[in-house]
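Inspection log for the structure reproduced underneath, given as structure tokens.
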Amino acid sequence: MLRRYISYTTNKFTNCRHVSQSMLQSTVDEKSGIATVTMNKPPVNSLNLEFLEEIITLLNKLQKDKVRGMILTSGLQKVFCAGLDIKELYKPNPDRLTKFWTTLQDTWLSLYTTSFPTVSVINGHSPAGGCMLAMSCDYRVMVGQNYRIGFNEAKLGIFAPKWFQNTIIAVIGQRKAEVSLTTGKMYTTDEALQIGLVDETCADADSALKKGTHFLNNFQNISPWAYKMTKDINRQSTIQWLIDNKQKDVDFTVEYMQSPGVQKNLELYLQSLKSLPPLKLISEIN
Ligand SMILES: CCCCCC/C=C\CC(=O)SCCNC(=O)CCNC(=O)[C@H](O)C(C)(C)COP(=O)(O)OP(=O)(O)OC[C@H]1O[C@@H](n2cnc3c(N)ncnc32)[C@H](O)[C@@H]1OP(=O)(O)O
């Protein structure tokens, strides 16, 4: 098993504090208080149990450190996040799947309710759970024209649970969310901007980071308390639904995922991941 470690260092030349875990790197700019969190779990930043646990640990640490904002991005070449690790869902061990799904719920609750503003800089493909990660931030900047983003769960023969769907509805509205989720369409950068899945686009990652920082600078003169209260009230019904239905959601998912039909669909999808040439899959599923 990989040894996990956390180290903290301060770089006196850049005035940045670095936090490094095995799959996440975080740098806090001392002057602005903005943390840049880079996901680095090759090959595709898929969300497995251990990765989700690291995300929660880091979010708690950033909260404790009272950062003023966070930019979430990827250190990989062409993938922001490939969504849930399909290996957690295919032929699952029920105990691990229970822990995985509970941790996914907790990750979402932590990210969706942060006391500081958050931006995702989407510098690569971002399907399903990857798109959900981006949607759970307050603002999204997508880089370049080569990547796809969207909710392709239906293409895997599965569906997004209510709290996933409500998060999307809050961003793009009921009608667009329904079309997006039922068709499983993966959007180009321009299409994503057009339907409001992302707030801004730009040519390269550096400019996207600048745009993200620019958005976070809006909060320099906003009381953190006013920010947090406003966000909580705005997101309250979706958050409360999950808090009230956590166990029911876990029980349903664990049972549903183990059903033969779902397992067959996942098997076929995993095969297609192996057999299609690189990047063909994501364009095939448009
Ligand atoms: C009540 C039920 C509730 C269910 C709720 C479900 C909610 C969310 C579901 C999900 O998030 S499911 C995951 C959806 N994700 C995808 O469909 C992405 C599939 N992947 C791709 O399209 C491509 O891999 C990519 C992301 C565009 C990257 O392409 P690239 O050419 O760079 O890399 P590949 O060669 O395709 O992949 C490398 C390596 O990674 C494996 N892999 C890719 N995605 C995943 C994944 N999501 N989980 C696990 N593993 C993944 C892929 O199989 C390759 O493995 P190897 O062949 O190297 O072993």
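The way I read the labels, and the way they are meant: chains A, B, ... in the order of the structure tokens, residue 1 as the first residue of every chain, and ligand 1 as the first ligand shown, with later ones counted on from there.
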
> Which residues in range 32-119 of chain A does DSSP call strand (DSSP E)? List them as a ChimeraX atom specification.
Replying inline: /A:34-39,69-74,118-119

> Would you name the residues within 6 Å of ligand 1, counting only C-alpha atoms and all ligand atoms, and put them as a VMD selection string?
Replying inline: chain A and resid 43 to 44 46 79 82 to 87 125 127 to 129 153 158 to 161 253 273 to 274 278 to 279 281 to 282

> Which residue, A:Tyr139, A:Tyr90, A:Tyr256, A:Tyr269, has the smallest gap to Asn152 in chain A when you use only C-alpha atoms?
Replying inline: A:Tyr269

>> Just want the 12 Å neighbourhood of range 168-172 of chain A, counted on only C-alpha atoms, with same-chain residues fewer than 3 positions away dropped. Output as a PyMOL selection string.
In response: chain A and resi 112+128-129+131-140+150-151+160-165+175-181+192-199+231+234-239

Suppose we keep C-alpha atoms; can you now write the selection as a PDB file, in the first residue's frame?
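Writing done, so here's out_7.pdb:
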```pdb
ATOM      1  CA  TYR A 112     -20.333  22.506  -1.120  1.00  0.00           C
ATOM      2  CA  ALA A 128     -19.705  12.793 -14.353  1.00  0.00           C
ATOM      3  CA  GLY A 129     -18.251  12.916 -10.813  1.00  0.00           C
ATOM      4  CA  CYS A 131     -18.092  17.629 -13.405  1.00  0.00           C
ATOM      5  CA  MET A 132     -19.813  17.302 -10.034  1.00  0.00           C
ATOM      6  CA  LEU A 133     -16.574  18.292  -8.303  1.00  0.00           C
ATOM      7  CA  ALA A 134     -16.442  21.411 -10.469  1.00  0.00           C
ATOM      8  CA  MET A 135     -20.165  22.163  -9.956  1.00  0.00           C
ATOM      9  CA  SER A 136     -19.673  22.019  -6.187  1.00  0.00           C
ATOM     10  CA  CYS A 137     -17.307  24.983  -6.349  1.00  0.00           C
ATOM     11  CA  ASP A 138     -18.661  28.543  -6.487  1.00  0.00           C
ATOM     12  CA  TYR A 139     -17.209  29.438  -9.897  1.00  0.00           C
ATOM     13  CA  ARG A 140     -15.793  27.608 -12.914  1.00  0.00           C
ATOM     14  CA  GLY A 150     -20.771  16.922 -18.625  1.00  0.00           C
ATOM     15  CA  PHE A 151     -22.794  14.245 -16.918  1.00  0.00           C
ATOM     16  CA  ALA A 160     -27.055  10.633 -10.787  1.00  0.00           C
ATOM     17  CA  PRO A 161     -28.684  10.686  -7.337  1.00  0.00           C
ATOM     18  CA  LYS A 162     -30.963  13.495  -6.193  1.00  0.00           C
ATOM     19  CA  TRP A 163     -28.270  15.547  -4.449  1.00  0.00           C
ATOM     20  CA  PHE A 164     -26.060  15.345  -7.571  1.00  0.00           C
ATOM     21  CA  GLN A 165     -28.977  16.444  -9.719  1.00  0.00           C
ATOM     22  CA  ARG A 175     -34.689  22.090 -17.916  1.00  0.00           C
ATOM     23  CA  LYS A 176     -31.057  22.154 -19.040  1.00  0.00           C
ATOM     24  CA  ALA A 177     -30.106  19.795 -16.222  1.00  0.00           C
ATOM     25  CA  GLU A 178     -32.755  17.316 -17.315  1.00  0.00           C
ATOM     26  CA  VAL A 179     -31.621  17.348 -20.948  1.00  0.00           C
ATOM     27  CA  SER A 180     -27.988  17.156 -19.905  1.00  0.00           C
ATOM     28  CA  LEU A 181     -28.494  14.250 -17.512  1.00  0.00           C
ATOM     29  CA  ALA A 192     -20.498  24.463 -21.613  1.00  0.00           C
ATOM     30  CA  LEU A 193     -20.182  28.245 -21.462  1.00  0.00           C
ATOM     31  CA  GLN A 194     -23.378  28.656 -23.438  1.00  0.00           C
ATOM     32  CA  ILE A 195     -25.501  26.515 -21.107  1.00  0.00           C
ATOM     33  CA  GLY A 196     -23.852  27.938 -17.980  1.00  0.00           C
ATOM     34  CA  LEU A 197     -21.996  24.824 -16.881  1.00  0.00           C
ATOM     35  CA  VAL A 198     -18.903  27.037 -16.707  1.00  0.00           C
ATOM     36  CA  ASP A 199     -18.705  30.771 -15.992  1.00  0.00           C
ATOM     37  CA  LYS A 231     -24.134  30.555   0.582  1.00  0.00           C
ATOM     38  CA  ASN A 234     -28.828  29.565  -0.994  1.00  0.00           C
ATOM     39  CA  ARG A 235     -27.772  25.896  -0.866  1.00  0.00           C
ATOM     40  CA  GLN A 236     -29.745  24.905   2.213  1.00  0.00           C
ATOM     41  CA  SER A 237     -32.450  22.701   0.666  1.00  0.00           C
ATOM     42  CA  THR A 238     -30.020  20.460  -1.236  1.00  0.00           C
ATOM     43  CA  ILE A 239     -27.674  20.164   1.750  1.00  0.00           C
TER      44      ILE A 239
END
```

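Distance check against Asp204 in chain A using only C-alpha atoms: of A:Gly261, A:Gly130, A:Gly157, A:Gly124, the minimum falls on A:Gly124.
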
> Hey, which of A:Thr201, A:Thr182, A:Ser272, A:Thr27 ends up closest to Val67 in chain A? Count only C-alpha atoms.
Replying inline: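 Distance minimum relative to Val67 in chain A lands on A:Thr27.
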
>> What parts of range 131-196 of chain A does DSSP call alpha helix (DSSP H)? I'd like the answer as a PyMOL selection string.
In response: chain A and resi 131-135+162-172+174-183+189-195

For the residues selected in the previous step, produce a file with N, CA and C atoms as a compact mmCIF listing (two decimals), in the first residue's frame.
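Printed below is part_7.txt as written:
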```
# COMPACT_ATOMS: atom_id res chain seq x y z
N CYS A 131 -17.28 16.43 -13.17
CA CYS A 131 -18.09 17.63 -13.40
C CYS A 131 -18.77 18.04 -12.10
N MET A 132 -19.18 17.03 -11.33
CA MET A 132 -19.81 17.30 -10.03
C MET A 132 -18.86 18.04 -9.09
N LEU A 133 -17.59 17.63 -9.13
CA LEU A 133 -16.57 18.29 -8.30
C LEU A 133 -16.51 19.78 -8.68
N ALA A 134 -16.50 20.02 -9.99
CA ALA A 134 -16.44 21.41 -10.47
C ALA A 134 -17.72 22.17 -10.10
N MET A 135 -18.88 21.51 -10.26
CA MET A 135 -20.16 22.16 -9.96
C MET A 135 -20.29 22.52 -8.48
N LYS A 162 -30.24 12.21 -6.33
CA LYS A 162 -30.96 13.50 -6.19
C LYS A 162 -30.04 14.66 -5.82
N TRP A 163 -29.12 14.43 -4.88
CA TRP A 163 -28.27 15.55 -4.45
C TRP A 163 -27.30 15.96 -5.55
N PHE A 164 -26.85 14.99 -6.38
CA PHE A 164 -26.06 15.35 -7.57
C PHE A 164 -26.91 16.25 -8.46
N GLN A 165 -28.12 15.74 -8.75
CA GLN A 165 -28.98 16.44 -9.72
C GLN A 165 -29.32 17.85 -9.22
N ASN A 166 -29.61 17.97 -7.93
CA ASN A 166 -29.96 19.30 -7.40
C ASN A 166 -28.80 20.28 -7.48
N THR A 167 -27.59 19.75 -7.33
CA THR A 167 -26.41 20.62 -7.46
C THR A 167 -26.32 21.17 -8.88
N ILE A 168 -26.63 20.31 -9.84
CA ILE A 168 -26.56 20.74 -11.25
C ILE A 168 -27.69 21.73 -11.56
N ILE A 169 -28.87 21.40 -11.04
CA ILE A 169 -30.02 22.29 -11.26
C ILE A 169 -29.72 23.69 -10.73
N ALA A 170 -29.04 23.74 -9.58
CA ALA A 170 -28.71 25.05 -8.99
C ALA A 170 -27.80 25.86 -9.92
N VAL A 171 -27.04 25.17 -10.76
CA VAL A 171 -26.09 25.88 -11.64
C VAL A 171 -26.73 26.21 -12.99
N ILE A 172 -27.40 25.22 -13.61
CA ILE A 172 -27.87 25.48 -15.00
C ILE A 172 -29.39 25.50 -15.14
N GLN A 174 -33.42 23.71 -14.10
CA GLN A 174 -34.09 22.41 -14.18
C GLN A 174 -34.11 21.81 -15.58
N ARG A 175 -34.49 22.62 -16.56
CA ARG A 175 -34.69 22.09 -17.92
C ARG A 175 -33.37 21.63 -18.53
N LYS A 176 -32.35 22.50 -18.44
CA LYS A 176 -31.06 22.15 -19.04
C LYS A 176 -30.43 20.97 -18.31
N ALA A 177 -30.66 20.91 -16.99
CA ALA A 177 -30.11 19.79 -16.22
C ALA A 177 -30.76 18.49 -16.67
N GLU A 178 -32.06 18.54 -16.92
CA GLU A 178 -32.75 17.32 -17.32
C GLU A 178 -32.24 16.82 -18.67
N VAL A 179 -32.12 17.74 -19.62
CA VAL A 179 -31.62 17.35 -20.95
C VAL A 179 -30.20 16.82 -20.83
N SER A 180 -29.38 17.54 -20.06
CA SER A 180 -27.99 17.16 -19.90
C SER A 180 -27.85 15.76 -19.29
N LEU A 181 -28.62 15.53 -18.23
CA LEU A 181 -28.49 14.25 -17.51
C LEU A 181 -29.10 13.08 -18.28
N THR A 182 -30.25 13.32 -18.93
CA THR A 182 -30.89 12.18 -19.60
C THR A 182 -30.15 11.80 -20.88
N THR A 183 -29.55 12.77 -21.55
CA THR A 183 -28.83 12.44 -22.79
C THR A 183 -27.39 12.02 -22.51
N THR A 189 -16.09 23.16 -24.67
CA THR A 189 -15.91 24.34 -23.82
C THR A 189 -16.94 25.42 -24.16
N ASP A 190 -17.11 25.68 -25.46
CA ASP A 190 -18.05 26.73 -25.86
C ASP A 190 -19.49 26.38 -25.49
N GLU A 191 -19.84 25.11 -25.70
CA GLU A 191 -21.20 24.67 -25.35
C GLU A 191 -21.43 24.78 -23.84
N ALA A 192 -20.39 24.41 -23.08
CA ALA A 192 -20.50 24.46 -21.61
C ALA A 192 -20.71 25.90 -21.15
N LEU A 193 -20.02 26.82 -21.81
CA LEU A 193 -20.18 28.24 -21.46
C LEU A 193 -21.60 28.69 -21.80
N GLN A 194 -22.05 28.24 -22.97
CA GLN A 194 -23.38 28.66 -23.44
C GLN A 194 -24.49 28.20 -22.50
N ILE A 195 -24.40 26.96 -21.99
CA ILE A 195 -25.50 26.51 -21.11
C ILE A 195 -25.25 26.86 -19.64
```

With only C-alpha atoms as the counted atoms, please give the residues lying no more than 9 Å from Trp101 in chain A, apart from itself and same-chain residues fewer than 5 positions off, as a PDB file with C-alpha atoms, in the first residue's frame.
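The resulting file, selection-v7.pdb, is reproduced below:
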```pdb
ATOM      1  CA  LEU A  49     -12.024   6.103  -1.413  1.00  0.00           C
ATOM      2  CA  ARG A  96     -15.995  -0.820   0.959  1.00  0.00           C
ATOM      3  CA  ASP A 106     -19.021  13.807   3.065  1.00  0.00           C
ATOM      4  CA  ASP A 249     -28.976   7.148  -0.080  1.00  0.00           C
ATOM      5  CA  VAL A 250     -26.109   4.830   0.930  1.00  0.00           C
ATOM      6  CA  THR A 253     -26.763   2.918  -3.847  1.00  0.00           C
ATOM      7  CA  VAL A 254     -25.080  -0.145  -2.376  1.00  0.00           C
TER       8      VAL A 254
END
```

>> What's the separation between CA of Thr107 in chain A and CA of Asn218 in chain A, in Å to one decimal place?
In response: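 That distance, rounded to one decimal, is 25.6 Å.
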
> Within 12 Å of Gln220 in chain A, counting only C-alpha atoms, which residues qualify if same-chain residues fewer than 3 places away don't, as a list in words?
Replying inline: Lys31, Ser32, Gly33, Ile34, Val67, Arg68, Gly69, Phe116, Pro117, Thr213, His214, Phe215, Leu216, Asn217, Ser223, Pro224 and Tyr227 of chain A

Take the residues from that selection and write them out as an mmCIF file, in the first residue's frame, keeping C-alpha atoms.
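Contents of out_15.cif, as written:
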```
data_model
loop_
_atom_site.group_PDB
_atom_site.id
_atom_site.type_symbol
_atom_site.label_atom_id
_atom_site.label_comp_id
_atom_site.auth_asym_id
_atom_site.auth_seq_id
_atom_site.Cartn_x
_atom_site.Cartn_y
_atom_site.Cartn_z
ATOM 1 C CA LYS A 31 -0.373 37.652 0.854
ATOM 2 C CA SER A 32 -3.795 36.891 -0.601
ATOM 3 C CA GLY A 33 -4.582 33.850 1.547
ATOM 4 C CA ILE A 34 -5.679 31.980 -1.574
ATOM 5 C CA VAL A 67 -7.721 30.599 3.867
ATOM 6 C CA ARG A 68 -9.527 33.348 1.943
ATOM 7 C CA GLY A 69 -10.318 31.194 -1.065
ATOM 8 C CA PHE A 116 -14.303 30.211 1.903
ATOM 9 C CA PRO A 117 -15.104 30.845 -1.788
ATOM 10 C CA THR A 213 -7.925 34.686 -8.575
ATOM 11 C CA HIS A 214 -9.784 37.693 -9.966
ATOM 12 C CA PHE A 215 -13.102 36.096 -8.987
ATOM 13 C CA LEU A 216 -11.801 35.328 -5.486
ATOM 14 C CA ASN A 217 -10.581 38.918 -5.090
ATOM 15 C CA SER A 223 -17.248 39.682 5.460
ATOM 16 C CA PRO A 224 -16.512 35.924 5.581
ATOM 17 C CA TYR A 227 -20.391 35.126 2.513
#
```
